>>> print(open('start_36.cif').read())   # mmCIF, C-alpha atoms (C1' of nucleotides)
data_coords
loop_
_atom_site.label_atom_id
_atom_site.label_comp_id
_atom_site.auth_asym_id
_atom_site.auth_seq_id
_atom_site.Cartn_x
_atom_site.Cartn_y
_atom_site.Cartn_z
CA MET A 19 89.99 100.05 106.19
CA PRO A 20 92.37 102.29 104.41
CA GLU A 21 91.90 105.75 105.89
CA LEU A 22 94.41 108.57 105.81
CA PRO A 23 97.12 106.86 107.93
CA GLU A 24 96.94 103.65 105.91
CA VAL A 25 96.96 105.42 102.55
CA GLU A 26 99.77 107.70 103.69
CA THR A 27 101.81 104.69 104.80
CA ILE A 28 101.36 103.10 101.37
CA ARG A 29 102.24 106.40 99.72
CA GLN A 30 105.47 106.78 101.65
CA GLN A 31 106.54 103.24 100.89
CA LEU A 32 105.68 103.44 97.20
CA GLU A 33 107.41 106.77 96.85
CA ALA A 34 110.61 105.05 97.96
CA LEU A 35 109.96 101.86 96.01
CA VAL A 36 108.54 102.86 92.64
CA SER A 37 109.10 106.53 91.90
CA GLY A 38 111.36 106.69 88.91
CA ALA A 39 110.29 103.21 87.76
CA GLY A 40 108.99 102.56 84.26
CA ILE A 41 105.68 100.78 83.70
CA LEU A 42 106.08 98.04 81.10
CA GLY A 43 102.36 97.31 80.88
CA GLY A 44 99.20 96.49 82.77
CA THR A 45 97.05 93.38 83.19
CA VAL A 46 93.39 93.97 84.01
CA TYR A 47 91.62 91.01 85.64
CA LEU A 48 88.41 92.76 86.71
CA PRO A 49 87.50 95.44 84.16
CA LYS A 50 84.92 97.23 86.31
CA VAL A 51 87.54 98.53 88.74
CA ILE A 52 88.91 100.69 85.92
CA ARG A 53 86.58 103.69 85.87
CA GLN A 54 88.35 105.65 83.18
CA PRO A 55 89.25 105.14 80.39
CA SER A 56 87.92 101.78 79.10
CA PRO A 57 90.00 98.83 80.36
CA GLU A 58 91.46 98.21 76.89
CA VAL A 59 92.51 101.80 76.46
CA PHE A 60 93.80 101.82 80.02
CA ALA A 61 96.22 98.94 79.42
CA ASP A 62 97.42 100.59 76.23
CA LEU A 63 97.70 104.06 77.71
CA ILE A 64 99.59 103.08 80.86
CA SER A 65 102.33 101.19 79.04
CA ASN A 66 105.79 102.69 78.76
CA ARG A 67 105.16 105.55 81.16
CA LYS A 68 107.40 106.40 84.03
CA ILE A 69 106.20 106.96 87.59
CA LEU A 70 107.39 110.44 88.50
CA SER A 71 105.69 110.98 91.86
CA VAL A 72 103.44 109.34 94.43
CA THR A 73 101.14 111.70 96.31
CA ARG A 74 97.96 111.49 98.35
CA ARG A 75 94.76 113.49 98.64
CA GLY A 76 92.42 112.32 101.39
CA LYS A 77 92.12 108.59 100.84
CA TYR A 78 93.14 108.82 97.17
CA LEU A 79 96.57 107.76 95.94
CA LEU A 80 97.91 109.68 92.95
CA PHE A 81 100.74 108.55 90.71
CA GLY A 82 102.14 111.30 88.53
CA LEU A 83 103.16 109.70 85.23
CA SER A 84 105.29 110.87 82.34
CA GLY A 85 103.38 112.26 79.40
CA GLY A 86 100.98 114.29 81.52
CA TYR A 87 98.85 111.54 83.02
CA THR A 88 97.86 110.71 86.58
CA LEU A 89 96.96 107.27 87.86
CA VAL A 90 94.41 107.59 90.67
CA ILE A 91 93.60 104.71 93.02
CA HIS A 92 91.04 104.58 95.82
CA LEU A 93 91.20 101.44 97.99
CA ARG A 94 87.76 101.90 99.59
CA MET A 95 87.14 99.17 102.19
CA THR A 96 89.34 96.20 101.40
CA GLY A 97 91.77 97.28 98.70
CA GLN A 98 95.46 96.47 98.88
CA LEU A 99 98.27 97.87 96.78
CA ILE A 100 101.42 95.84 97.07
CA CYS A 101 104.81 96.16 95.40
CA GLU A 102 106.48 92.80 94.96
CA LYS A 103 108.64 90.66 92.68
CA GLU A 104 107.14 89.32 89.48
CA GLY A 105 106.59 85.59 89.21
CA ALA A 106 104.16 84.11 91.70
CA PRO A 107 100.60 83.65 90.45
CA PRO A 108 98.55 86.61 91.69
CA PRO A 109 96.45 85.82 94.77
CA ARG A 110 92.67 85.61 94.71
CA HIS A 111 90.79 88.88 94.25
CA THR A 112 93.63 90.48 92.29
CA HIS A 113 92.06 92.89 89.80
CA LEU A 114 94.98 94.79 88.31
CA ILE A 115 98.71 94.36 87.98
CA LEU A 116 101.14 96.98 86.73
CA HIS A 117 104.33 95.40 85.47
CA LEU A 118 107.38 97.46 86.38
CA GLU A 119 111.00 97.52 85.36
CA ARG A 120 113.52 95.36 87.18
CA ASP A 121 111.22 92.35 87.55
CA ARG A 122 108.75 93.99 89.92
CA ARG A 123 105.01 94.57 89.87
CA LEU A 124 102.40 96.69 91.59
CA ARG A 125 99.42 94.52 92.51
CA PHE A 126 95.91 95.79 93.27
CA THR A 127 93.89 93.21 95.21
CA ASP A 128 90.43 93.91 96.65
CA LEU A 129 88.15 91.30 98.19
CA ARG A 130 84.98 93.36 98.07
CA GLN A 131 85.64 94.89 94.67
CA PHE A 132 84.79 98.41 95.84
CA GLY A 133 88.17 99.94 95.03
CA ARG A 134 88.48 102.13 91.95
CA VAL A 135 91.16 103.11 89.45
CA TRP A 136 91.33 106.04 87.04
CA LEU A 137 93.93 107.04 84.47
CA LEU A 138 93.40 110.70 83.71
CA PRO A 139 95.10 113.58 81.99
CA ALA A 140 96.81 115.48 84.80
CA SER A 141 94.87 118.61 83.88
CA ASP A 142 91.47 117.24 84.89
CA THR A 143 92.49 114.77 87.57
CA ARG A 144 90.83 116.65 90.38
CA SER A 145 87.40 116.97 88.78
CA GLN A 146 87.16 113.50 87.27
CA ALA A 147 87.78 111.15 90.18
CA GLY A 148 85.52 113.01 92.59
CA MET A 149 88.28 114.82 94.44
CA GLU A 150 87.07 118.34 93.80
CA LYS A 151 84.77 118.36 96.81
CA LEU A 152 87.30 117.13 99.35
CA GLY A 153 87.88 119.26 102.41
CA PRO A 154 91.33 120.27 103.62
CA GLU A 155 94.10 117.83 104.47
CA PRO A 156 93.96 117.45 108.25
CA LEU A 157 97.74 117.33 108.66
CA SER A 158 98.41 120.33 106.44
CA PRO A 159 98.51 124.01 107.40
CA GLU A 160 95.29 124.67 105.46
CA PHE A 161 93.38 122.75 108.15
CA THR A 162 93.22 125.50 110.72
CA GLU A 163 91.53 125.61 114.08
CA THR A 164 89.44 128.54 112.89
CA TYR A 165 88.23 126.65 109.83
CA PHE A 166 87.29 123.60 111.86
CA ALA A 167 85.56 125.61 114.59
CA THR A 168 83.50 127.37 111.93
CA ARG A 169 82.44 124.11 110.32
CA LEU A 170 81.39 122.81 113.73
CA LYS A 171 79.49 125.96 114.62
CA ASN A 172 77.60 125.94 111.33
CA SER A 173 76.47 122.33 111.49
CA ARG A 174 73.53 120.79 113.29
CA ARG A 175 74.77 117.25 112.69
CA SER A 176 76.20 114.84 115.21
CA LEU A 177 79.97 114.82 115.61
CA LYS A 178 80.52 111.37 114.20
CA PRO A 179 78.90 111.91 110.77
CA LEU A 180 80.57 115.31 110.58
CA LEU A 181 84.03 113.79 111.06
CA LEU A 182 83.28 111.17 108.41
CA ASP A 183 82.22 113.83 105.89
CA GLN A 184 85.10 114.07 103.42
CA GLN A 185 83.97 117.57 102.47
CA VAL A 186 84.61 118.81 106.00
CA VAL A 187 88.03 117.24 106.32
CA ALA A 188 89.59 114.66 104.00
CA GLY A 189 90.80 111.24 105.08
CA ILE A 190 89.02 110.34 108.32
CA GLY A 191 87.14 107.04 108.40
CA ASN A 192 85.35 105.03 111.04
CA ILE A 193 88.42 103.96 113.01
CA TYR A 194 89.99 107.38 113.47
CA ALA A 195 86.65 109.13 113.96
CA ASP A 196 85.98 106.91 116.99
CA GLU A 197 89.52 107.42 118.28
CA ALA A 198 89.43 111.20 117.83
CA LEU A 199 86.14 111.51 119.73
CA HIS A 200 87.53 109.47 122.60
CA HIS A 201 90.76 111.48 122.63
CA ALA A 202 88.69 114.66 122.88
CA GLY A 203 86.30 113.19 125.45
CA LEU A 204 83.23 113.85 123.32
CA HIS A 205 80.18 111.65 122.79
CA PRO A 206 79.67 110.74 119.10
CA ASN A 207 76.04 111.89 119.27
CA ARG A 208 76.86 115.41 120.51
CA ARG A 209 75.63 118.08 118.14
CA ALA A 210 78.45 119.87 116.32
CA ASP A 211 77.08 123.35 117.00
CA GLY A 212 76.70 122.50 120.68
CA LEU A 213 80.43 122.40 121.42
CA ASN A 214 82.04 125.22 123.36
CA SER A 215 85.35 126.61 122.17
CA ARG A 216 87.37 124.46 124.53
CA GLU A 217 85.68 121.31 123.22
CA ALA A 218 86.09 122.37 119.60
CA LYS A 219 89.77 122.95 120.16
CA ALA A 220 90.13 119.56 121.85
CA LEU A 221 88.51 117.84 118.87
CA TYR A 222 90.68 119.74 116.41
CA ARG A 223 93.80 118.63 118.22
CA ALA A 224 92.47 115.08 118.64
CA VAL A 225 91.89 114.67 114.89
CA LYS A 226 95.47 115.60 114.12
CA GLU A 227 96.89 113.57 116.98
CA VAL A 228 95.14 110.26 116.23
CA LEU A 229 95.99 110.51 112.52
CA ARG A 230 99.65 111.20 113.29
CA GLU A 231 99.75 108.24 115.66
CA GLY A 232 98.16 106.04 113.02
CA VAL A 233 100.80 107.02 110.46
CA SER A 234 103.60 106.44 112.97
CA HIS A 235 102.40 102.85 113.48
CA ARG A 236 102.04 102.25 109.72
CA GLY A 237 98.26 102.09 109.94
CA THR A 238 95.64 99.87 111.55
CA SER A 239 95.22 96.21 110.51
CA ILE A 240 91.94 94.97 111.95
CA ARG A 241 90.82 92.96 109.00
CA ASN A 242 92.36 93.24 105.58
CA TYR A 243 94.73 96.14 105.57
CA LEU A 244 98.30 95.51 104.46
CA ASP A 245 100.89 98.14 103.61
CA ALA A 246 102.68 98.37 100.25
CA GLU A 247 105.22 95.79 101.38
CA GLY A 248 102.48 93.34 102.29
CA ARG A 249 102.91 93.79 106.03
CA ALA A 250 100.22 94.46 108.64
CA GLY A 251 100.23 97.79 110.46
CA ARG A 252 100.65 98.06 114.24
CA HIS A 253 98.14 100.68 115.26
CA GLN A 254 95.41 98.13 116.10
CA ASP A 255 97.43 97.49 119.28
CA PHE A 256 97.14 101.14 120.26
CA LEU A 257 93.41 101.75 119.67
CA LYS A 258 91.59 103.08 122.71
CA VAL A 259 87.98 102.41 121.75
CA HIS A 260 87.50 101.33 118.15
CA ASN A 261 86.91 97.57 117.80
CA ARG A 262 87.10 97.27 121.60
CA ALA A 263 83.43 97.06 122.63
CA GLY A 264 83.00 95.21 125.91
CA ARG A 265 86.60 95.74 126.94
CA PRO A 266 87.85 98.29 129.47
CA CYS A 267 88.65 101.85 128.51
CA PRO A 268 92.44 102.23 128.81
CA ARG A 269 91.94 105.63 130.38
CA CYS A 270 89.30 104.99 133.04
CA GLY A 271 88.49 101.27 133.04
CA SER A 272 84.81 101.64 132.17
CA THR A 273 83.40 99.16 129.69
CA ILE A 274 83.44 100.43 126.11
CA GLU A 275 80.06 100.46 124.41
CA LYS A 276 79.05 100.06 120.79
CA ILE A 277 76.17 101.97 119.26
CA LYS A 278 74.95 102.90 115.79
CA CYS A 279 75.64 106.52 114.91
CA GLY A 280 75.00 107.94 111.47
CA GLY A 281 74.46 104.39 110.30
CA ARG A 282 77.95 103.34 111.35
CA GLY A 283 79.12 101.08 114.13
CA THR A 284 80.54 103.42 116.78
CA CYS A 285 82.61 102.54 119.85
CA PHE A 286 82.99 104.95 122.76
CA CYS A 287 83.61 105.10 126.50
CA PRO A 288 80.44 106.12 128.35
CA SER A 289 82.33 107.77 131.20
CA CYS A 290 85.13 109.53 129.26
CA GLN A 291 82.66 110.60 126.58
CA PRO A 292 79.46 111.58 128.38
CA ASN A 293 76.46 112.66 126.37
CA ALA A 294 75.77 116.29 127.25
CA ARG A 295 72.02 115.88 127.18
"C1'" DA B 172 70.52 120.66 105.24
"C1'" DG B 173 69.85 116.44 107.48
"C1'" DT B 174 68.96 111.63 107.81
"C1'" DC B 175 68.14 107.20 106.27
"C1'" DA B 176 68.43 103.17 103.46
"C1'" DA B 177 70.11 100.85 99.67
"C1'" DA B 178 73.52 99.69 96.50
"C1'" DC B 179 78.09 98.01 95.21
"C1'" DC B 180 80.67 92.80 96.91
"C1'" DT B 181 82.89 88.79 99.56
"C1'" DG B 182 83.89 86.47 103.67
"C1'" DG B 183 84.00 85.76 108.72
"C1'" DG B 184 81.61 84.88 112.89
"C1'" DC B 185 77.67 83.65 115.33
"C1'" DG B 186 73.48 80.99 116.74
"C1'" DC B 187 70.92 77.05 115.89
"C1'" DT C 42 79.14 70.16 109.37
"C1'" DG C 43 75.87 73.22 107.42
"C1'" DC C 44 72.57 76.98 106.96
"C1'" DG C 45 70.89 81.50 107.64
"C1'" DC C 46 71.72 85.78 109.43
"C1'" DC C 47 74.36 89.83 110.66
"C1'" DC C 48 78.40 92.41 110.39
"C1'" DA C 49 82.44 94.80 108.20
"C1'" DG C 50 87.17 100.23 108.14
"C1'" DG C 51 83.96 103.70 102.01
"C1'" DT C 52 81.28 106.26 98.89
"C1'" DT C 53 77.36 107.42 96.04
"C1'" DT C 54 72.61 107.93 95.10
"C1'" DG C 55 67.92 108.78 95.83
"C1'" DA C 56 63.84 109.34 98.85
"C1'" DC C 57 61.84 111.93 102.50
#
>>> encode(input="start_36.cif", output="structure tokens")
Amino acid sequence: MPELPEVETIRQQLEALVSGAGILGGTVYLPKVIRQPSPEVFADLISNRKILSVTRRGKYLLFGLSGGYTLVIHLRMTGQLICEKEGAPPPRHTHLILHLERDRRLRFTDLRQFGRVWLLPASDTRSQAGMEKLGPEPLSPEFTETYFATRLKNSRRSLKPLLLDQQVVAGIGNIYADEALHHAGLHPNRRADGLNSREAKALYRAVKEVLREGVSHRGTSIRNYLDAEGRAGRHQDFLKVHNRAGRPCPRCGSTIEKIKCGGRGTCFCPSCQPNAR
DNA sequence: AGTCAAACCTGGGCGC
DNA sequence: TGCGCCCAGGTTTGAC
């Protein structure tokens, strides 16, 4: 669930809510979510540090801490990171709580237990958590039309798996890949190197557009996603194709289809997104 | 380089 | 009501 727009929403909220806050300590309920260091060392090492910054890289959240450490959190499919008052017993599937100053806590809850947490020296943050291979940030100036066109031209893969490849561009997941392809009018099975320059440009613009829209609606809540204040996002009400199989395309009225593409469920409009072959 | 499946997990929805 | 099956927004790994 949490793709770039969802993680960015959480980042923005937490930046306002917890930057500057001191961490009193941590409670680990499910040790395996802590990838580094060991859970015991983690709880010890995180105590009495101050949160200096909250940033994002792809789908990773990064908390810059005092003393030269970075807390890295990846929510994977069903992770939630919620800032709330201390007191209530933590809900089911809560795996980590960071106790903050002023009677607040940061709660990591994850039904499927896929989410991961690292506490790393800032100097080797990028290499340790698997972030070194990430492609450019799609909403930053480093993601240029030329770069994207080159990646398309040099790949024989289908468009859908290419968009999901975090090494090509960081932060796109299944929801926004489907939406970007519909926005650009391209079939998910089209071969990347088969696009003409007009189509490549349309896809480049579509990627940026659908991600911006997702952020502006505070993310998409289809199943589990909640923002850092525990609220659902609104973008599910604005999706054109994703999760809408069998319903009419908002653009042309044709019935949206669902296929398997690159092993992933993929929704598209057969008339807005014709297969070129 | 690419594709595919499996693995990591729990829960919801469906058909029977 | 209950059981079995399939599905789910991410990522990694290993086989071909």
>>> closest_atom_pairs(input="start_36.cif", of="stretch 24-106 of chain A", to="stretch 179-184 of chain B", cutoff="12 Å", atoms="only C-alpha atoms (C1' of nucleotides)", output="Markdown table")
| residue | atom | partner | partner_atom | distance |
| --- | --- | --- | --- | --- |
| A:Lys50 | CA | B:DC179 | C1' | 11.2 |
| A:Val51 | CA | B:DC179 | C1' | 11.5 |
| A:Arg94 | CA | B:DC179 | C1' | 11.3 |
| A:Met95 | CA | B:DC180 | C1' | 10.5 |
| A:Thr96 | CA | B:DT181 | C1' | 10.0 |
>>> atom_distance(input="start_36.cif", atom1="atom CA of A:Glu155", atom2="atom CA of A:Cys287")
27.5 Å
>>> interface_residues(input="start_36.cif", of="chain A", to="chain B", cutoff="7 Å", atoms="all atoms listed in the file", output="list of chain:residue names")
A:Leu129, A:Arg130, A:Gln131, A:Phe132
>>> interface_residues(input="start_36.cif", of="chain A", to="chain C", cutoff="7 Å", atoms="only C-alpha atoms (C1' of nucleotides)", output="MDAnalysis selection string")
chainID A and resid 19:20 94:95 191:193
>>> resolve_selection(input="start_36.cif", expression="the PyMOL selection byres ((chain A and resi 163-170) around 7)", output="PDB file with C-alpha atoms, keeping the file's coordinate frame")
ATOM      1  CA  PHE A 161      93.380 122.750 108.150  1.00  0.00           C
ATOM      2  CA  THR A 162      93.220 125.500 110.720  1.00  0.00           C
ATOM      3  CA  LYS A 171      79.490 125.960 114.620  1.00  0.00           C
ATOM      4  CA  ASN A 172      77.600 125.940 111.330  1.00  0.00           C
ATOM      5  CA  SER A 173      76.470 122.330 111.490  1.00  0.00           C
ATOM      6  CA  ALA A 210      78.450 119.870 116.320  1.00  0.00           C
ATOM      7  CA  ASP A 211      77.080 123.350 117.000  1.00  0.00           C
ATOM      8  CA  ALA A 218      86.090 122.370 119.600  1.00  0.00           C
ATOM      9  CA  LYS A 219      89.770 122.950 120.160  1.00  0.00           C
ATOM     10  CA  TYR A 222      90.680 119.740 116.410  1.00  0.00           C
TER      11      TYR A 222
END
>>> atom_distance(input="start_36.cif", atom1="atom CA of A:Thr284", atom2="atom CA of A:Ala246")
28.1 Å
>>> atom_distance(input="start_36.cif", atom1="atom CA of A:His201", atom2="atom CA of A:Gln291")
9.1 Å
>>> resolve_selection(input="start_36.cif", expression="the PyMOL selection byres ((chain A and resi 67-70) around 10)", output="PyMOL selection string")
chain A and resi 33+36-43+63-66+71-72+81-89+118-119
>>> closest_residue(input="start_36.cif", among="A:Val186, A:Pro139, A:Glu26, A:Tyr47", to="A:Thr112", atoms="all atoms listed in the file")
A:Tyr47
>>> decode(input="start_36.cif", residues="stretch 128-142 of chain A", atoms="N, CA, C and O atoms", output="JSON list (two decimals), in the first residue's frame")
[["chain", "number", "residue", "atom", "x", "y", "z"],
["A", 128, "ASP", "N", 1.86, -3.41, 11.77],
["A", 128, "ASP", "CA", 1.98, -4.01, 10.45],
["A", 128, "ASP", "C", 1.40, -5.42, 10.42],
["A", 128, "ASP", "O", 2.04, -6.38, 10.85],
["A", 129, "LEU", "N", 0.20, -5.53, 9.89],
["A", 129, "LEU", "CA", -0.53, -6.81, 9.88],
["A", 129, "LEU", "C", 0.31, -7.94, 9.28],
["A", 129, "LEU", "O", 0.41, -9.02, 9.84],
["A", 130, "ARG", "N", 0.90, -7.71, 8.14],
["A", 130, "ARG", "CA", 1.60, -8.81, 7.47],
["A", 130, "ARG", "C", 3.06, -8.96, 7.87],
["A", 130, "ARG", "O", 3.75, -9.83, 7.34],
["A", 131, "GLN", "N", 3.52, -8.13, 8.73],
["A", 131, "GLN", "CA", 4.87, -8.27, 9.29],
["A", 131, "GLN", "C", 5.97, -8.19, 8.24],
["A", 131, "GLN", "O", 7.03, -8.78, 8.40],
["A", 132, "PHE", "N", 5.72, -7.50, 7.14],
["A", 132, "PHE", "CA", 6.75, -7.36, 6.11],
["A", 132, "PHE", "C", 7.60, -6.10, 6.31],
["A", 132, "PHE", "O", 8.70, -6.01, 5.78],
["A", 133, "GLY", "N", 7.08, -5.14, 7.03],
["A", 133, "GLY", "CA", 7.79, -3.88, 7.23],
["A", 133, "GLY", "C", 9.11, -4.08, 7.96],
["A", 133, "GLY", "O", 9.27, -5.07, 8.68],
["A", 134, "ARG", "N", 10.05, -3.16, 7.75],
["A", 134, "ARG", "CA", 11.38, -3.32, 8.31],
["A", 134, "ARG", "C", 11.91, -2.01, 8.89],
["A", 134, "ARG", "O", 11.60, -0.93, 8.39],
["A", 135, "VAL", "N", 12.75, -2.17, 9.95],
["A", 135, "VAL", "CA", 13.29, -1.01, 10.65],
["A", 135, "VAL", "C", 14.80, -1.19, 10.81],
["A", 135, "VAL", "O", 15.26, -2.30, 11.13],
["A", 136, "TRP", "N", 15.55, -0.13, 10.57],
["A", 136, "TRP", "CA", 16.99, -0.15, 10.77],
["A", 136, "TRP", "C", 17.38, 1.08, 11.61],
["A", 136, "TRP", "O", 16.77, 2.14, 11.47],
["A", 137, "LEU", "N", 18.38, 0.92, 12.44],
["A", 137, "LEU", "CA", 18.97, 2.07, 13.12],
["A", 137, "LEU", "C", 20.46, 2.05, 12.77],
["A", 137, "LEU", "O", 21.19, 1.16, 13.19],
["A", 138, "LEU", "N", 20.88, 3.02, 11.99],
["A", 138, "LEU", "CA", 22.20, 2.95, 11.37],
["A", 138, "LEU", "C", 22.99, 4.22, 11.60],
["A", 138, "LEU", "O", 22.41, 5.31, 11.69],
["A", 139, "PRO", "N", 24.30, 4.09, 11.68],
["A", 139, "PRO", "CA", 25.12, 5.30, 11.66],
["A", 139, "PRO", "C", 24.82, 6.07, 10.37],
["A", 139, "PRO", "O", 24.71, 5.45, 9.30],
["A", 140, "ALA", "N", 24.66, 7.36, 10.47],
["A", 140, "ALA", "CA", 24.27, 8.15, 9.31],
["A", 140, "ALA", "C", 25.21, 7.93, 8.13],
["A", 140, "ALA", "O", 24.80, 7.98, 6.97],
["A", 141, "SER", "N", 26.48, 7.64, 8.44],
["A", 141, "SER", "CA", 27.48, 7.53, 7.37],
["A", 141, "SER", "C", 27.22, 6.35, 6.44],
["A", 141, "SER", "O", 27.52, 6.43, 5.25],
["A", 142, "ASP", "N", 26.67, 5.24, 6.95],
["A", 142, "ASP", "CA", 26.43, 4.13, 6.02],
["A", 142, "ASP", "C", 24.94, 3.78, 5.89],
["A", 142, "ASP", "O", 24.58, 2.65, 5.60]]
